[in-house]
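Scroll down for the structure; my scribbles are underneath it.
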Amino acid sequence: MTLLKHRLFWPVAALVTLVVVNVIANPNFAKVTMRDGDLYGNPVTILRESAPLMLVALGMTLVIATRGIDLSVGAVMAVSGAVSLTIIADSPDPGSLGTVTVAIVVAVLVALVLGAWNGFLVSVLGIQPIIATLVLMLAGRGVALLITGGAITTVTSAPYKFLSNGYLILLPVAFFIWVAVVAIVALVERRTALGMLTESVGINPEASRLAGVRSRGIIWAAYMVSGLLAGVAGIINASNTMAADSNNAGYLIELYAILAVVLGGTSLMGGKFSIAGTVIGVLTVTTLDKTIQFFGVPPAQSPVFFAVVVVIVVLVQSPRVHAWGRAASARMRRTPSSGEPPTGPGAASAAKKHEEVAA
Amino acid sequence: MTAVVTETPEVSTMDRVRTFAARRASVLPTLAAIAILIVLLIGAQVEFGNFLTPRNLSALLLDHAYLLVLAVGMTFVIVTGGIDLSVGSVMAFTGILGAQMLASGIPVWIVVPVMLAGGAAIGTLIGVLVQYFNVQPFIASLAGLFLGRGLAYVVSLSSIRVENPPILWLQQTRFLIGEWYITPTGIIALVVVAAGAIVMAVTRFGRTVYAIGGSEQSARLMGLSVARTKVMVYVISGLCGGLAGLLLTAYSGAGYPRYGIGTELDVIACVVIGGTLLTGGRGYVLGSMVGVFVFATITTIISFMGAEQAWTHIIVGALLLLFIVVQRAIVARSDRQT
């Protein structure tokens with residue numbers, strides 16, 4: 001029963017169910033083969049392809065924890081991919097490690113500046129996060145197109161390609177990148193007071209300001225981290241295709257990232273967040289994407305399935321459905337159905353708290 | 001502060017302006033949009049010499065008829081304080097659905113109502129999620145976005161040509177008034193704008209929409225039908241999405257599942273530039289029309305200049321930012337006054 005109440009129980013259960021369904025439908029799904037000392041197979045592909053979404057969703061988790069949202073991540077990815085590939089393409093020696101390092105550093109710095117811009121609009125000017133980040137979401141792709149001159153820049157550069165397609169020890173580099181980033185973010189947020197302060201800002205910005213929390217700086221930093229991680233995601237994404245496609249790089253990724261964060265149990269109302277939950281949420285989204293392809297559905301049609309997932313997830317979190325659930329379980333226990341039980345399940349009471357905060 | 005000043009007999013022009021600004025603060029952003037539109041049009045005329053021709057101005061309306069229809073629906077949603085991200089993909093879905101049905105020989109008088117109903121159905125889903133399950137409008141309409149886009153690809157993965165005479169008539173007929181011309185699609189868009197403006201301004205439903213945006217709690221305590229109205233605005237937006245699908249299909253002569261990617265952002269930008277407050281409670285359908293014309297003019301100017309179309313979104317993004325900051329200032333000032 002305590003296991004059932006763990007807040008990661010349902011996200012993990014969803015992921016496990018998804019994997020089990022796949023393995024039953026096709027035993028080859030979980031097959032991992034060893035070739036030249038590297039591992040290949042669907043699970044490895046999922047770990048590798050999760051990288052961009054993982055980084056973006058991690059930043060999104062922090063932003064959502066401060067009661068915000070960052071719609072610009074896809075556009076930031078496009079900009080960072082365009083910047084890094086343009087630098088490499090214009091350099092005399094695209095294959096050298098130095099060029100690639102410069103390209104990556106510059107691209108990440110540009111992404112950081114874009115994140116700081118979002119943070120400025122939200123934390124200093126006090127503009128609603130959806131709208132503030134919408135500005136960059138609109139303009140960002142235009143900027144990326146200008147950087148690449150409207151064309152799809154392609155390059156050949158071994159060190160750059162290594163980021164996404166290379167292998168380190170048994171597993172792809174991209175996997176190690178996201179594991180490292182998750183570890184750093186988890187350490188900084190959970191081994192210092194920063195995580196708690198972020199949650200306090202998300203639960204009640206005014207009260208935390210009165211309590212001496214510098215909410216402006218924390219909110220600003222969250223958007224900067226989100227921009228930075230989106231920049232890294234853009235580099236990995238560009239490295240995967242070795243092309244800067246400003247129109248399609250990171251297209252709709254903000255929406256998938258939000259979905260992954262919500263799947264992981266972080267409420268969009270802000271406040272408590274779960275980094276482990278986000279990791280599971282991202283793996284679930286990537287696995288679902290693979291599953292849909294596995295069943296022979298054209299990738300273009302997969303949004304229908306994600307629409308169903310979004311509806312199910314929001315219904316499960318909705319107070320009204322919780323009330324129905326409580327009423328049903330109360331009837332089953334043959335208690336008078338007139339009054340509601342004083343304390344609902346953990347999730348329901350948490351949702352109530354959020355409502356009270358919002359009110 | 002200014003009411004007293006106006007009662008004194010000698011009123012300077014400056015005071016009149018100030019009184020007007022204080023009393024009608026919600027019109028200011030729309031007036032600013034009109035000013036920007038005029039500056040853009042005159043600037044383009046001075047620059048190119050052949051911009052303000054009846055032909056070009058007619059095209060300005062007709063090329064963006066679908067955007068105009070979407071903006072009307074979006075205005076209703078945003079004035080209640082909500083947002084609808086699904087309109088672009090709803091438009092793509094109904095467009096390709098209509099093209100597919102026409103291609104398989106279903107008569108047009110069935111196809112058009114089905115297209116509108118398809119849009120309204122997705123709108124209803126969003127509205128019910130928002131109103132009855134307390135889902136944030138952003139997330140609920142995100143589900144609508146995914147659903148519409150996915151369904152569009154389920155109907156067809158590639159574009160389908162439309163050769164149905166009544167549909168093509170909508171675009172190809174040109175009513176000439178001197179040098180000016182208008183097609184049935186343009187007339188439909190203008191009728192939708194007029195209908196939207198009248199509903200918002202003079203009906204009980206319209207007042208309820210404003211009341212919900214001002215304060216949902218107060219609207220409920222006043223006994224207004226908040227639940228029904230909130231669902232209805234999403235149905236209206238979905239319906240407008242369906243109609244825009246019809247207009248776009250007529251305009252392009254085909255249904256294509258990739259139409260309208262990112263259109264929801266353009267529409268939101270147009271509505272905001274037109275002076276509707278994103279926090280709800282203030283805004284005009286006619287303002288949104290001005291917003292669409294600003295967007296259309298920028299697009300046309302950029303293609304006149306032969307510059308990258310990428311500039312469109314950068315400029316629209318900058319304008320959006322400008323208007324949001326202006327709105328913040330206006331709201332902050334009216335908050336101080338009350």
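If you're wondering about the labels, chains in the structure tokens are A, B, ... by order shown, residues count from 1 in each chain, ligands from 1 in order shown.
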Contact check, chain B to chain A, at most 6 Å, counting only C-alpha atoms, closest pairs as JSON lines:
```
{"residue": "B:Phe133", "atom": "CA", "partner": "A:Ser318", "partner_atom": "CA", "distance": 5.6}
{"residue": "B:Ala143", "atom": "CA", "partner": "A:Ala307", "partner_atom": "CA", "distance": 4.6}
{"residue": "B:Phe146", "atom": "CA", "partner": "A:Pro303", "partner_atom": "CA", "distance": 4.7}
{"residue": "B:Leu147", "atom": "CA", "partner": "A:Val304", "partner_atom": "CA", "distance": 4.8}
{"residue": "B:Gly150", "atom": "CA", "partner": "A:Gln301", "partner_atom": "CA", "distance": 4.5}
{"residue": "B:Tyr153", "atom": "CA", "partner": "A:Gln301", "partner_atom": "CA", "distance": 5.3}
{"residue": "B:Val154", "atom": "CA", "partner": "A:Gln301", "partner_atom": "CA", "distance": 5.8}
{"residue": "B:Ala310", "atom": "CA", "partner": "A:Gly142", "partner_atom": "CA", "distance": 4.3}
{"residue": "B:His313", "atom": "CA", "partner": "A:Ala139", "partner_atom": "CA", "distance": 5.1}
{"residue": "B:Ile314", "atom": "CA", "partner": "A:Ala139", "partner_atom": "CA", "distance": 4.2}
{"residue": "B:Gly317", "atom": "CA", "partner": "A:Val135", "partner_atom": "CA", "distance": 4.9}
```
Atoms kept (N, CA, C and O atoms) for selection, written as a CSV table (one decimal), in the first residue's frame:
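Heads up, here's the output in again_3.csv:
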```
chain,number,residue,atom,x,y,z
B,133,PHE,N,-13.5,19.8,-16.0
B,133,PHE,CA,-12.4,19.0,-15.4
B,133,PHE,C,-11.3,19.8,-15.0
B,133,PHE,O,-10.2,19.3,-14.6
B,143,ALA,N,-4.1,19.3,-26.2
B,143,ALA,CA,-4.7,18.0,-26.6
B,143,ALA,C,-5.4,18.1,-27.9
B,143,ALA,O,-5.3,17.3,-28.8
B,146,PHE,N,-2.8,18.3,-30.8
B,146,PHE,CA,-2.3,17.0,-31.2
B,146,PHE,C,-3.4,16.2,-32.0
B,146,PHE,O,-3.1,15.6,-33.0
B,147,LEU,N,-4.6,16.3,-31.4
B,147,LEU,CA,-5.7,15.5,-32.0
B,147,LEU,C,-6.0,15.9,-33.4
B,147,LEU,O,-6.0,15.1,-34.4
B,150,GLY,N,-3.0,15.0,-35.8
B,150,GLY,CA,-2.9,13.6,-36.0
B,150,GLY,C,-4.0,13.1,-36.9
B,150,GLY,O,-3.8,12.3,-37.8
B,153,TYR,N,-3.5,13.7,-40.5
B,153,TYR,CA,-2.7,12.7,-41.2
B,153,TYR,C,-3.4,11.4,-41.3
B,153,TYR,O,-3.1,10.6,-42.2
B,154,VAL,N,-4.3,11.1,-40.4
B,154,VAL,CA,-5.1,9.9,-40.5
B,154,VAL,C,-5.9,9.9,-41.8
B,154,VAL,O,-6.1,8.9,-42.5
B,310,ALA,N,11.5,35.0,-43.3
B,310,ALA,CA,11.8,34.8,-41.9
B,310,ALA,C,11.6,36.1,-41.1
B,310,ALA,O,11.3,36.0,-39.9
B,313,HIS,N,8.2,36.8,-39.0
B,313,HIS,CA,8.0,36.3,-37.6
B,313,HIS,C,8.8,37.1,-36.6
B,313,HIS,O,8.4,37.3,-35.5
B,314,ILE,N,10.0,37.6,-37.1
B,314,ILE,CA,10.8,38.4,-36.2
B,314,ILE,C,10.1,39.7,-35.9
B,314,ILE,O,10.0,40.1,-34.7
B,317,GLY,N,7.0,39.1,-33.8
B,317,GLY,CA,7.4,38.8,-32.5
B,317,GLY,C,7.7,40.1,-31.7
B,317,GLY,O,7.3,40.3,-30.6
```
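Around stretch 195-208 of chain A, within 6 Å and counting only C-alpha atoms, the residues found are Ala65, Thr66, Arg67, Glu189, Arg190, Ala211, Val213, Ser215, Gly270, Gly271 and Lys272 of chain A, once anything fewer than 3 positions away on its own chain is removed.
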Since we have the selection now, will you write its residues out, keeping all heavy atoms, as a PDB file, in the first residue's frame?
```pdb
ATOM      1  N   ALA A  65       8.096  24.400 -12.105  1.00  0.00           N
ATOM      2  CA  ALA A  65       8.101  24.439 -10.643  1.00  0.00           C
ATOM      3  C   ALA A  65       7.945  25.865 -10.130  1.00  0.00           C
ATOM      4  O   ALA A  65       7.382  26.084  -9.058  1.00  0.00           O
ATOM      5  CB  ALA A  65       9.381  23.820 -10.100  1.00  0.00           C
ATOM      6  N   THR A  66       8.413  26.858 -10.895  1.00  0.00           N
ATOM      7  CA  THR A  66       8.241  28.254 -10.469  1.00  0.00           C
ATOM      8  C   THR A  66       6.907  28.813 -10.949  1.00  0.00           C
ATOM      9  O   THR A  66       6.716  30.026 -10.970  1.00  0.00           O
ATOM     10  CB  THR A  66       9.345  29.168 -11.025  1.00  0.00           C
ATOM     11  OG1 THR A  66       9.219  29.214 -12.455  1.00  0.00           O
ATOM     12  CG2 THR A  66      10.722  28.679 -10.672  1.00  0.00           C
ATOM     13  N   ARG A  67       5.991  27.951 -11.377  1.00  0.00           N
ATOM     14  CA  ARG A  67       4.678  28.334 -11.888  1.00  0.00           C
ATOM     15  C   ARG A  67       4.767  28.972 -13.254  1.00  0.00           C
ATOM     16  O   ARG A  67       3.897  29.767 -13.623  1.00  0.00           O
ATOM     17  CB  ARG A  67       4.010  29.345 -10.964  1.00  0.00           C
ATOM     18  CG  ARG A  67       2.903  28.745 -10.159  1.00  0.00           C
ATOM     19  CD  ARG A  67       2.044  29.882  -9.660  1.00  0.00           C
ATOM     20  NE  ARG A  67       1.523  29.507  -8.373  1.00  0.00           N
ATOM     21  CZ  ARG A  67       0.755  30.283  -7.652  1.00  0.00           C
ATOM     22  NH1 ARG A  67       0.463  31.481  -8.066  1.00  0.00           N
ATOM     23  NH2 ARG A  67       0.318  29.856  -6.514  1.00  0.00           N
ATOM     24  N   GLU A 189      19.897  20.934  -7.216  1.00  0.00           N
ATOM     25  CA  GLU A 189      18.564  21.258  -6.712  1.00  0.00           C
ATOM     26  C   GLU A 189      18.271  20.572  -5.375  1.00  0.00           C
ATOM     27  O   GLU A 189      17.584  21.132  -4.535  1.00  0.00           O
ATOM     28  CB  GLU A 189      17.499  20.844  -7.745  1.00  0.00           C
ATOM     29  CG  GLU A 189      17.495  21.684  -8.998  1.00  0.00           C
ATOM     30  CD  GLU A 189      16.857  23.056  -8.786  1.00  0.00           C
ATOM     31  OE1 GLU A 189      16.018  23.202  -7.887  1.00  0.00           O
ATOM     32  OE2 GLU A 189      17.233  23.987  -9.524  1.00  0.00           O
ATOM     33  N   ARG A 190      18.773  19.339  -5.232  1.00  0.00           N
ATOM     34  CA  ARG A 190      18.347  18.561  -4.067  1.00  0.00           C
ATOM     35  C   ARG A 190      19.365  18.519  -2.930  1.00  0.00           C
ATOM     36  O   ARG A 190      19.004  18.257  -1.790  1.00  0.00           O
ATOM     37  CB  ARG A 190      17.995  17.132  -4.505  1.00  0.00           C
ATOM     38  CG  ARG A 190      16.760  17.045  -5.377  1.00  0.00           C
ATOM     39  CD  ARG A 190      15.579  17.687  -4.704  1.00  0.00           C
ATOM     40  NE  ARG A 190      14.363  17.504  -5.499  1.00  0.00           N
ATOM     41  CZ  ARG A 190      13.258  18.217  -5.307  1.00  0.00           C
ATOM     42  NH1 ARG A 190      13.214  19.136  -4.370  1.00  0.00           N
ATOM     43  NH2 ARG A 190      12.201  18.011  -6.061  1.00  0.00           N
ATOM     44  N   ALA A 211       9.092  36.049   3.011  1.00  0.00           N
ATOM     45  CA  ALA A 211       9.928  35.238   3.888  1.00  0.00           C
ATOM     46  C   ALA A 211      11.402  35.427   3.576  1.00  0.00           C
ATOM     47  O   ALA A 211      12.256  34.781   4.176  1.00  0.00           O
ATOM     48  CB  ALA A 211       9.547  33.767   3.764  1.00  0.00           C
ATOM     49  N   VAL A 213      12.873  35.058   0.480  1.00  0.00           N
ATOM     50  CA  VAL A 213      13.413  34.327  -0.664  1.00  0.00           C
ATOM     51  C   VAL A 213      13.501  35.292  -1.838  1.00  0.00           C
ATOM     52  O   VAL A 213      12.548  36.025  -2.109  1.00  0.00           O
ATOM     53  CB  VAL A 213      12.494  33.145  -1.036  1.00  0.00           C
ATOM     54  CG1 VAL A 213      13.044  32.412  -2.234  1.00  0.00           C
ATOM     55  CG2 VAL A 213      12.352  32.208   0.139  1.00  0.00           C
ATOM     56  N   SER A 215      12.844  35.667  -4.958  1.00  0.00           N
ATOM     57  CA  SER A 215      12.133  34.902  -5.983  1.00  0.00           C
ATOM     58  C   SER A 215      12.517  35.370  -7.388  1.00  0.00           C
ATOM     59  O   SER A 215      12.584  34.566  -8.305  1.00  0.00           O
ATOM     60  CB  SER A 215      10.628  35.002  -5.765  1.00  0.00           C
ATOM     61  OG  SER A 215      10.251  36.344  -5.651  1.00  0.00           O
ATOM     62  N   GLY A 270       2.644  24.573 -10.510  1.00  0.00           N
ATOM     63  CA  GLY A 270       3.880  25.003  -9.874  1.00  0.00           C
ATOM     64  C   GLY A 270       4.063  24.336  -8.522  1.00  0.00           C
ATOM     65  O   GLY A 270       3.215  23.580  -8.055  1.00  0.00           O
ATOM     66  N   GLY A 271       5.205  24.623  -7.914  1.00  0.00           N
ATOM     67  CA  GLY A 271       5.470  24.033  -6.607  1.00  0.00           C
ATOM     68  C   GLY A 271       6.277  22.762  -6.725  1.00  0.00           C
ATOM     69  O   GLY A 271       7.301  22.754  -7.409  1.00  0.00           O
ATOM     70  N   LYS A 272       5.817  21.720  -6.066  1.00  0.00           N
ATOM     71  CA  LYS A 272       6.617  20.499  -5.981  1.00  0.00           C
ATOM     72  C   LYS A 272       6.967  19.953  -7.354  1.00  0.00           C
ATOM     73  O   LYS A 272       6.122  19.887  -8.237  1.00  0.00           O
ATOM     74  CB  LYS A 272       5.860  19.432  -5.192  1.00  0.00           C
ATOM     75  CG  LYS A 272       5.734  19.751  -3.736  1.00  0.00           C
ATOM     76  CD  LYS A 272       5.818  18.474  -2.909  1.00  0.00           C
ATOM     77  CE  LYS A 272       5.974  18.774  -1.439  1.00  0.00           C
ATOM     78  NZ  LYS A 272       7.280  19.404  -1.140  1.00  0.00           N
TER      79      LYS A 272
END
```
Shell of 10 Å around A:Lys161, only C-alpha atoms, local chain residues under 4 positions omitted, as a PyMOL selection string: chain A and resi 95+100+155-157+165-166+235-236+238-242
So which bits of stretch 57-221 of chain B end up strand (DSSP E) when you DSSP the backbone, as a PyMOL selection string? chain B and resi 160-161+175-177+180-182
Could you jot down the atom CA of B:Gly127 to atom CA of B:Met101 separation for me, Å, one decimal place? 27.0 Å
List every residue of stretch 100-239 of chain B that DSSP, applied to the backbone of this structure, assigns to helix (DSSP H, G or I), and report them as a ChimeraX atom specification. /B:100-103,108-132,137-155,165-172,184-202,204-214,216-221,226-239
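Pairwise distance (atom CA of A:Thr86, atom CA of A:Leu168) equals 26.5 Å.
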Residues near B:Val209, anyone? I mean within 7 Å using only C-alpha atoms, not counting same-chain ones fewer than 5 positions away, as a ChimeraX atom specification. /B:79-80,229
Do a neighbour search on stretch 31-45 of chain B at 7 Å with only C-alpha atoms, toss out local chain neighbours closer than 4 positions, and write the hits as a list in words. Val27, Gly49, Asn50, Phe51, Leu52, Ile273, Gly274, Val290, Gly291, Val294 and Ile301 of chain B
Please identify all polymer residues within 9 Å of B:Val111, counting only C-alpha atoms, omitting same-chain residues fewer than 6 positions from it, and present them as JSON, numbers by chain. {"B": [97, 98, 99, 101, 102]}
